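**Q** Quick one: structure below, then a few questions.
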Amino acid sequence: MNNPIEIKVPDIGDFQSVDVIEVLVAPGDVIAIDDALITLESDKASMDIPATTAGTVKEVLIAVGDSVSEGSLILLLEGGSANDNAAPEDAKPAVGQPAESANASAPEGANADELVTVPDIGDFDGVDVIEVLVRTGDSIAVDDALITLESDKASMDIPSPTAGTVREVLIAVGDKVSQGDVILSVAVAGGGVTDAVAAPVSTPAATEGLPEAAPDAAAPMDDGAFKRAHASPSVRRIARELGVDLTRVQGSGREGRVTKEDVKSFKSGAAPAAKASDRATSTKAAAPDATLGIPPIPEVDWAKFGEIDTRPMSRINKLSATHLHRSWLNVPQVSHFEEADITELEAYRGQMKGKAKELGFNLTPLVFLMKASVSAMKAFPRFNAALTPDGENLVFRSYFNIGVAVDTPDGLVVPVVREVDRKGLFELAQELGEISARARDGQLKAADMQGGCFTISSLGGIGGTNFTPIVNAPEVAILGATRSKWRLERVDGEVVDRLIQPLAVTYDHRVIDGALAARFAAHLAFVLTDVRNLVL
């Protein structure tokens, strides 16, 4: 009898110690090449690990909850051949791996296939796929949107770099992707005759032990809802082949993930499997409660008291809510209030507004706040620092990028104006007008939202007397400004009208103490008193 063949974790890119969240085979299972063996999940992506050899599983050497890296032993296999241990030439690239040519040896006369990958999306990694905009068989043109990604800072469409016919979509709603991950394969336009795309063929092990599909298994499903179900690609495939609607299946895996056993139980009408949190399948400590022990707000049936209208929050609203909640829970925040006499500065702005208008932009008070903030950040460098996640070090930056909160129909967004210290008032005013217009039109790119050192939230055009803005972590401070107002002040023994600008500086108390915050705010007020102070 041949010695068992060892099946190991292949090259999975830069991932190390990745959690095993699902084991898809058991001793005695007959598997074919490319059958999914286990599902891994990191903080950046989830991926199925396929079999590189066909045979019968002798022993599974891994369990849910284990952490694995390249070379970790998965199982022992009988009946295979050592020569089978190489992946087939047409195997799909693993998640997170750079794509090779999808059709290096395409038959003569057929369209050439290309793999379309996620392009450079800045510093984002492990970004959620919230929408897949194409499907197999679709004809696409250059720049057609393929998928929509959403991070905690922005949403973005990924355009097609080529034209042709979609051969296969290799990504689903709920997946997490980074630069280089494969989106789909395309039969490039301009080749020969385009063949019809065949439906995926199930492998023997994929449905072994599962009940047969019902006669109406081919009935149409809501593809959008199906793809939103929390399940691995292999489980999705099995469910689709058996006609199981994943949106109706209660997941017993981690965080409610639907497993192969859940699909089997649902199809047979059996009670759902125990949830992963109730099974002793891992020696790991249970994850902390998402609310950090904070009692949840009770749900209220508002319809009992009168007519209601429930409307979904916009994507930007939901992203902002998550980001602000995270900042509020993680950053000990204090607000310091100050007032600046901007009478002379406003007089200068009034003189220059006409010239700016002739050049095609508005010279707003916000431009002066940006320049004054840079002056204060230079005088007090801790306001331009970032605390490392371990809380052990401060990162001091030598550049001055200012984020500006912009009110849009979908909610507040914070585009970043770069190198504010190197730009004049007119240049900043023009750039601020352009980036604000793109924000309101929903045309901001991912790069427009990155690299901020300090944020300004100005409500001057709306009103208010003062407010406490929340720190835009990992920044350590934010400036809030409301509408300026005329007030009688005693100056040099005389009572005169002065234009007073309220200011609020909220800061991370781990990095900045109260005395430093007071000095920073006082410096801001001094600079804003006279426009000439901007050049000091």
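Going by the structure tokens order, chains are called A, B, ..., each with residues numbered from 1, while ligands are numbered from 1 in the order shown.
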Please provide as a ChimeraX atom specification all residues within 10 Å of Asn330 in chain A, with the sequence filter that same-chain residues fewer than 4 positions apart are discarded (counting only C-alpha atoms).
**A** /A:324-326,473-474,508
**Q** Write the residues of the preceding selection, restricted to C-alpha atoms, as a PDB file, in the first residue's frame.
**A**
ATOM      1  CA  LEU A 324     -17.237  57.733  15.266  1.00  0.00           C
ATOM      2  CA  HIS A 325     -18.304  55.006  17.697  1.00  0.00           C
ATOM      3  CA  ARG A 326     -14.847  53.424  17.449  1.00  0.00           C
ATOM      4  CA  ALA A 473      -8.768  58.928  15.064  1.00  0.00           C
ATOM      5  CA  PRO A 474      -5.968  58.043  14.488  1.00  0.00           C
ATOM      6  CA  ASP A 508      -6.743  62.859  22.616  1.00  0.00           C
TER       7      ASP A 508
END
**Q** As a ChimeraX atom specification, please: the residues near Val166 in chain A (cut-off 10 Å, only C-alpha atoms, same-chain neighbours under 5 positions excluded).
**A** /A:113-114,134-140,184-188,197
**Q** With distances taken over only C-alpha atoms, which of A:Leu528, A:Glu494, A:Glu431, A:Val334 is nearest to Ile478 in chain A?
**A**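 Counting only C-alpha atoms, the residue closest to Ile478 in chain A is A:Val334.
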**Q** Quick one: everything within 8 Å of Lys260 in chain A, counting only C-alpha atoms, minus sequence neighbours fewer than 2 positions away in the same chain. Send it as JSON, numbers by chain.
**A** {"A": [24, 235, 238, 258, 262, 263, 264]}
**Q** Record the distance separating CA of Arg438 in chain A and CA of Ile130 in chain A, expressed in Å with one decimal.
**A**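 Taking CA of Arg438 in chain A as the start and CA of Ile130 in chain A as the end point, the length is 22.0 Å.
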**Q** Return the single residue from A:Ala347, A:Ala51, A:Ala429, A:Val116 that is closest to Leu359 in chain A, with distances computed using only C-alpha atoms.
**A**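 Closest residue, counting only C-alpha atoms: A:Ala429.
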**Q** Name the closest residue to Thr247 in chain A among the candidates A:Ile21, A:Gly463, A:Glu346, A:Phe266; distances are taken between atoms, counting only C-alpha atoms.
**A** A:Phe266
**Q** Just want the 12 Å neighbourhood of Thr310 in chain A, counted on only C-alpha atoms, with same-chain residues fewer than 6 positions away dropped. Output as a list in words.
**A**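 Contacts, with the query itself left out: Asp301, Trp302 and Ala303 of chain A.
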**Q** Rank nothing, just name the residue among A:Leu76, A:Ala477, A:Leu488, A:Ile512 nearest to Asn3 in chain A, using only C-alpha atoms.
**A**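 Using only C-alpha atoms, Asn3 in chain A sits closest to A:Leu76.
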**Q** Tell me, in Å to one decimal, how far CA of Glu344 in chain A is from CA of Asp530 in chain A.
**A**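 That distance, rounded to one decimal, is 5.7 Å.
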**Q** Using Å and a single decimal, report how far CA of Phe368 in chain A sits from CA of Val395 in chain A.
**A**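 Between these atoms lies a distance of 26.4 Å.
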**Q** So which bits of range 276-484 of chain A end up helix (DSSP H, G or I) when you DSSP the backbone, as a PyMOL selection string?
**A** chain A and resi 276-278+302-305+315-330+343-358+365-379+381-384+420-422+425-440+446-449
**Q** Considering only C-alpha atoms, can you say which of A:Glu41, A:Glu168, A:Glu22, A:Asp29 comes closest to Val64 in chain A?
**A**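 With only C-alpha atoms as the atom set, the closest residue is A:Glu22.
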**Q** Considering only C-alpha atoms, state which residue in the set A:Asn401, A:Val331, A:Val244, A:Ser252 is at the smallest distance from Gly269 in chain A.
**A**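 Residue with the minimum atom-to-atom distance to Gly269 in chain A: A:Val244.
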**Q** Counting only C-alpha atoms, what is within 10 Å of Ser42 in chain A, bar same-chain residues fewer than 6 positions away, as a list in words?
**A**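 Everything that qualifies: Phe15, Gln16, Ser17, Val18, Asp19, Val20, Ile21, Ser67, Gly126 and Lys176 of chain A.
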**Q** Suppose we keep N, CA and C atoms; can you now write the selection as a short mmCIF file (atom, residue, chain, number, x, y, z; two decimals), in the first residue's frame?
**A**
data_model
loop_
_atom_site.label_atom_id
_atom_site.label_comp_id
_atom_site.auth_asym_id
_atom_site.auth_seq_id
_atom_site.Cartn_x
_atom_site.Cartn_y
_atom_site.Cartn_z
N PHE A 15 0.09 36.23 4.25
CA PHE A 15 -0.67 35.84 5.42
C PHE A 15 0.12 34.86 6.28
N GLN A 16 0.11 35.08 7.59
CA GLN A 16 0.75 34.19 8.56
C GLN A 16 -0.23 33.94 9.71
N SER A 17 -0.21 32.71 10.24
CA SER A 17 -1.06 32.34 11.38
C SER A 17 -2.51 32.75 11.13
N VAL A 18 -3.06 32.22 10.05
CA VAL A 18 -4.43 32.54 9.64
C VAL A 18 -5.38 31.55 10.31
N ASP A 19 -6.51 32.04 10.78
CA ASP A 19 -7.48 31.19 11.48
C ASP A 19 -8.19 30.23 10.53
N VAL A 20 -8.33 28.98 10.96
CA VAL A 20 -9.16 28.00 10.26
C VAL A 20 -10.58 28.18 10.78
N ILE A 21 -11.50 28.58 9.90
CA ILE A 21 -12.87 28.81 10.35
C ILE A 21 -13.82 27.70 9.90
N SER A 67 -4.57 27.92 13.91
CA SER A 67 -3.95 28.96 13.08
C SER A 67 -2.89 28.31 12.21
N GLY A 126 -7.98 44.60 2.74
CA GLY A 126 -9.11 43.88 3.29
C GLY A 126 -10.39 44.69 3.23
N LYS A 176 -13.58 40.14 1.16
CA LYS A 176 -12.66 41.25 1.45
C LYS A 176 -11.50 41.15 0.46
#
**Q** What lies within 7 Å of Ala504 in chain A using only C-alpha atoms, ignoring chain neighbours under 3 positions off, as a list of chain:residue names?
**A**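 Non-adjacent residues within range: A:Ser335, A:His336, A:Phe337, A:Glu338, A:Asn466, A:Phe467, A:Thr468, A:Leu479, A:Gly480, A:Ala481.
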**Q** Go ahead and save the residues from that selection, with N, CA and C atoms, as a PDB file, in the first residue's frame.
**A**
ATOM      1  N   SER A 335     -12.513  68.570  25.325  1.00  0.00           N
ATOM      2  CA  SER A 335     -12.658  69.740  24.451  1.00  0.00           C
ATOM      3  C   SER A 335     -12.258  71.010  25.199  1.00  0.00           C
ATOM      4  N   HIS A 336     -11.517  71.857  24.517  1.00  0.00           N
ATOM      5  CA  HIS A 336     -11.104  73.157  25.068  1.00  0.00           C
ATOM      6  C   HIS A 336     -11.696  74.246  24.177  1.00  0.00           C
ATOM      7  N   PHE A 337     -12.290  75.265  24.790  1.00  0.00           N
ATOM      8  CA  PHE A 337     -12.972  76.327  24.047  1.00  0.00           C
ATOM      9  C   PHE A 337     -12.159  77.626  24.106  1.00  0.00           C
ATOM     10  N   GLU A 338     -12.189  78.349  22.988  1.00  0.00           N
ATOM     11  CA  GLU A 338     -11.451  79.606  22.882  1.00  0.00           C
ATOM     12  C   GLU A 338     -12.228  80.536  21.960  1.00  0.00           C
ATOM     13  N   ASN A 466     -21.300  76.931  19.740  1.00  0.00           N
ATOM     14  CA  ASN A 466     -20.121  76.100  19.937  1.00  0.00           C
ATOM     15  C   ASN A 466     -20.551  74.645  19.952  1.00  0.00           C
ATOM     16  N   PHE A 467     -19.613  73.737  19.813  1.00  0.00           N
ATOM     17  CA  PHE A 467     -19.921  72.308  19.859  1.00  0.00           C
ATOM     18  C   PHE A 467     -18.639  71.534  20.153  1.00  0.00           C
ATOM     19  N   THR A 468     -18.766  70.241  20.432  1.00  0.00           N
ATOM     20  CA  THR A 468     -17.605  69.402  20.760  1.00  0.00           C
ATOM     21  C   THR A 468     -17.424  68.350  19.673  1.00  0.00           C
ATOM     22  N   LEU A 479     -10.445  70.554  15.137  1.00  0.00           N
ATOM     23  CA  LEU A 479     -10.882  71.922  15.409  1.00  0.00           C
ATOM     24  C   LEU A 479     -12.323  72.089  14.941  1.00  0.00           C
ATOM     25  N   GLY A 480     -13.173  72.600  15.828  1.00  0.00           N
ATOM     26  CA  GLY A 480     -14.546  72.918  15.475  1.00  0.00           C
ATOM     27  C   GLY A 480     -14.751  74.418  15.487  1.00  0.00           C
ATOM     28  N   ALA A 481     -15.488  74.918  14.493  1.00  0.00           N
ATOM     29  CA  ALA A 481     -15.753  76.359  14.414  1.00  0.00           C
ATOM     30  C   ALA A 481     -17.220  76.577  14.073  1.00  0.00           C
TER      31      ALA A 481
END
**Q** Please list as JSON, numbers by chain every residue within 12 Å of Ala356 in chain A, counting only C-alpha atoms and excluding residues in the same chain fewer than 3 positions away.
**A** {"A": [349, 350, 351, 352, 353, 359, 360, 361, 362, 363, 364, 425, 426, 427, 428, 429, 430, 433]}
